[in-house]
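Next up, target_2.cif (mmCIF, C-alpha atoms and all ligand atoms; chains and numbers go by the auth columns):
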```
data_input
loop_
_atom_site.group_PDB
_atom_site.id
_atom_site.type_symbol
_atom_site.label_atom_id
_atom_site.label_comp_id
_atom_site.label_asym_id
_atom_site.label_seq_id
_atom_site.Cartn_x
_atom_site.Cartn_y
_atom_site.Cartn_z
_atom_site.B_iso_or_equiv
_atom_site.auth_seq_id
_atom_site.auth_asym_id
ATOM 1 C CA MET A 1 -24.490 15.045 -8.040 0.00 1 A
ATOM 2 C CA PRO A 2 -23.929 11.292 -7.933 0.00 2 A
ATOM 3 C CA GLN A 3 -23.266 9.583 -4.659 0.00 3 A
ATOM 4 C CA THR A 4 -19.705 8.403 -4.277 0.00 4 A
ATOM 5 C CA THR A 5 -18.718 5.610 -2.007 0.00 5 A
ATOM 6 C CA GLU A 6 -15.554 5.856 0.033 0.00 6 A
ATOM 7 C CA PRO A 7 -13.910 2.432 -0.084 0.00 7 A
ATOM 8 C CA THR A 8 -10.785 3.376 1.791 0.00 8 A
ATOM 9 C CA ALA A 9 -12.369 4.013 5.160 0.00 9 A
ATOM 10 C CA THR A 10 -13.976 0.692 6.004 0.00 10 A
ATOM 11 C CA THR A 11 -13.085 -2.068 3.554 0.00 11 A
ATOM 12 C CA TRP A 12 -9.341 -2.486 3.785 0.00 12 A
ATOM 13 C CA PRO A 13 -8.154 -5.963 2.854 0.00 13 A
ATOM 14 C CA GLU A 14 -6.674 -8.054 5.627 0.00 14 A
ATOM 15 C CA GLY A 15 -3.018 -7.254 6.305 0.00 15 A
ATOM 16 C CA VAL A 16 -3.137 -3.803 4.704 0.00 16 A
ATOM 17 C CA ILE A 17 -1.606 -1.255 7.028 0.00 17 A
ATOM 18 C CA ALA A 18 -1.595 1.850 4.834 0.00 18 A
ATOM 19 C CA ARG A 19 -3.093 3.031 1.567 0.00 19 A
ATOM 20 C CA TYR A 20 -2.267 5.758 -0.914 0.00 20 A
ATOM 21 C CA LEU A 21 -4.786 7.092 -3.415 0.00 21 A
ATOM 22 C CA THR A 22 -3.400 7.337 -6.943 0.00 22 A
ATOM 23 C CA VAL A 23 -4.188 10.155 -9.349 0.00 23 A
ATOM 24 C CA GLY A 24 -6.080 7.556 -11.414 0.00 24 A
ATOM 25 C CA GLY A 25 -8.390 6.743 -8.529 0.00 25 A
ATOM 26 C CA ALA A 26 -6.907 3.384 -7.556 0.00 26 A
ATOM 27 C CA THR A 27 -5.125 2.653 -4.300 0.00 27 A
ATOM 28 C CA VAL A 28 -1.619 1.516 -3.520 0.00 28 A
ATOM 29 C CA ASP A 29 -1.953 -0.871 -0.588 0.00 29 A
ATOM 30 C CA ILE A 30 0.883 -1.488 1.830 0.00 30 A
ATOM 31 C CA SER A 31 0.744 -4.818 3.590 0.00 31 A
ATOM 32 C CA GLN A 32 2.923 -6.380 6.208 0.00 32 A
ATOM 33 C CA LYS A 33 2.809 -9.835 7.722 0.00 33 A
ATOM 34 C CA PRO A 34 3.010 -10.328 11.484 0.00 34 A
ATOM 35 C CA ASN A 35 6.495 -11.219 12.765 0.00 35 A
ATOM 36 C CA SER A 36 8.200 -9.965 9.601 0.00 36 A
ATOM 37 C CA THR A 37 9.944 -6.753 8.644 0.00 37 A
ATOM 38 C CA ALA A 38 9.019 -7.340 4.996 0.00 38 A
ATOM 39 C CA ALA A 39 6.508 -4.934 3.530 0.00 39 A
ATOM 40 C CA THR A 40 4.870 -4.901 0.114 0.00 40 A
ATOM 41 C CA ALA A 41 3.207 -2.068 -1.739 0.00 41 A
ATOM 42 C CA THR A 42 0.796 -3.148 -4.460 0.00 42 A
ATOM 43 C CA CYS A 43 -0.919 -0.805 -6.885 0.00 43 A
ATOM 44 C CA ARG A 44 -4.536 -1.886 -7.489 0.00 44 A
ATOM 45 C CA GLY A 45 -4.611 0.139 -10.686 0.00 45 A
ATOM 46 C CA CYS A 46 -1.668 -1.126 -12.734 0.00 46 A
ATOM 47 C CA THR A 47 -0.722 -4.097 -10.457 0.00 47 A
ATOM 48 C CA ARG A 48 2.910 -2.988 -10.108 0.00 48 A
ATOM 49 C CA ASP A 49 4.355 -3.778 -6.744 0.00 49 A
ATOM 50 C CA HIS A 50 7.364 -3.039 -4.609 0.00 50 A
ATOM 51 C CA TYR A 51 8.798 -5.291 -1.943 0.00 51 A
ATOM 52 C CA ASP A 52 11.477 -4.629 0.621 0.00 52 A
ATOM 53 C CA THR A 53 12.699 -6.124 3.865 0.00 53 A
ATOM 54 C CA PHE A 54 15.268 -5.734 6.603 0.00 54 A
ATOM 55 C CA THR A 55 17.552 -8.565 7.607 0.00 55 A
ATOM 56 C CA CYS A 56 17.382 -7.637 11.246 0.00 56 A
ATOM 57 C CA LYS A 57 15.381 -8.316 14.342 0.00 57 A
ATOM 58 C CA VAL A 58 11.624 -7.907 14.034 0.00 58 A
ATOM 59 C CA THR A 59 10.450 -5.198 16.366 0.00 59 A
ATOM 60 C CA PRO A 60 7.587 -2.733 16.131 0.00 60 A
ATOM 61 C CA GLU A 61 10.235 -0.112 15.289 0.00 61 A
ATOM 62 C CA THR A 62 11.811 -2.042 12.393 0.00 62 A
ATOM 63 C CA GLN A 63 8.355 -2.951 11.089 0.00 63 A
ATOM 64 C CA ARG A 64 7.305 0.685 11.186 0.00 64 A
ATOM 65 C CA ALA A 65 10.547 1.782 9.515 0.00 65 A
ATOM 66 C CA MET A 66 10.056 -0.697 6.672 0.00 66 A
ATOM 67 C CA ALA A 67 6.442 0.368 6.222 0.00 67 A
ATOM 68 C CA LEU A 68 7.716 3.938 5.811 0.00 68 A
ATOM 69 C CA ILE A 69 10.379 2.918 3.267 0.00 69 A
ATOM 70 C CA VAL A 70 7.857 1.018 1.163 0.00 70 A
ATOM 71 C CA GLY A 71 5.404 3.854 1.743 0.00 71 A
ATOM 72 C CA LYS A 72 7.772 6.249 -0.007 0.00 72 A
ATOM 73 C CA TRP A 73 7.618 4.102 -3.150 0.00 73 A
ATOM 74 C CA ALA A 74 3.843 3.929 -2.778 0.00 74 A
ATOM 75 C CA GLN A 75 3.551 7.685 -2.461 0.00 75 A
ATOM 76 C CA SER A 76 5.693 8.484 -5.494 0.00 76 A
ATOM 77 C CA HIS A 77 3.931 5.785 -7.545 0.00 77 A
ATOM 78 C CA ALA A 78 0.509 7.091 -6.484 0.00 78 A
ATOM 79 C CA GLU A 79 1.467 10.560 -7.707 0.00 79 A
ATOM 80 C CA THR A 80 2.126 9.316 -11.247 0.00 80 A
ATOM 81 C CA CYS A 81 -0.037 6.221 -11.816 0.00 81 A
ATOM 82 C CA ARG A 82 -3.134 6.871 -13.908 0.00 82 A
ATOM 83 C CA ALA A 83 -4.266 3.261 -14.299 0.00 83 A
ATOM 84 C CA LEU A 84 -7.837 2.635 -13.271 0.00 84 A
ATOM 85 C CA PRO A 85 -8.707 -0.148 -10.864 0.00 85 A
ATOM 86 C CA ARG A 86 -10.584 -3.116 -12.266 0.00 86 A
ATOM 87 C CA PRO A 87 -14.251 -3.187 -11.285 0.00 87 A
ATOM 88 C CA THR A 88 -14.718 -5.674 -8.463 0.00 88 A
ATOM 89 C CA ALA A 89 -18.401 -6.394 -9.115 0.00 89 A
HETATM 90 ZN ZN ZN B . -0.001 1.878 -10.532 0.00 101 B
#
```
Now that the file is in, can you turn its structure into structure tokens?
Ligand SMILES: [Zn+2]
Amino acid sequence: MPQTTEPTATTWPEGVIARYLTVGGATVDISQKPNSTAATATCRGCTRDHYDTFTCKVTPETQRAMALIVGKWAQSHAETCRALPRPTA
């Protein structure tokens, strides 16, 4: 059986706060900048993305809430996206 590497555990890009594994084997990365409620989900397989933000005070609670909202898009996209990630080598 071939060895598989697990990229999601140790090599998260900077700013990525959550990841969802797609059925195609890519990841949907959720990133959030410091001092911003905006969050972005980007699919590494098909490159579609989803952005959302609150126009309210930045607190850990509003940041977490926005990460969850964008995370819902990421989760439903991950369940249907079959695009393969580009090789990085
Ligand atoms: Zn995708």
Exercise. When the PyMOL selection byres (((not hetatm)) within 7 of (chain B and resi 101)) is applied to the file above, which residues end up in the set, as a ChimeraX atom specification?
Worked result: /A:43-48,77-78,81-83
Exercise. Mind telling me what the PyMOL selection byres (((chain A and resi 20) around 9) and not hetatm) catches here, as a list in words?
Worked result: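 That selection, the PyMOL selection byres (((chain A and resi 20) around 9) and not hetatm), comes back as Ala18, Arg19, Leu21, Thr22, Ala26, Thr27, Val28, Asp29, Ile30, Cys43, Gly71, Ala74, Gln75 and Ala78 of chain A.
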Problem set entry | For Pro60 of chain A, the nearest of the candidates A:Pro34, A:Gly15, A:Thr42, A:Gly24, counting all atoms listed in the file |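 Residue with the minimum atom-to-atom distance to Pro60 of chain A: A:Pro34.
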Exercise. What separation in Å, quoted to one decimal, exists between atom CA of Thr40 of chain A and atom CA of Glu14 of chain A?
Worked result: 13.2 Å
Problem set entry | Residue nearest Lys33 of chain A - candidates A:His50, A:Arg86, A:Lys57, A:Ile17, atoms counted: all atoms listed in the file |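 Checking each of A:His50, A:Arg86, A:Lys57, A:Ile17 against Lys33 of chain A, counting all atoms listed in the file, the winner is A:Ile17.
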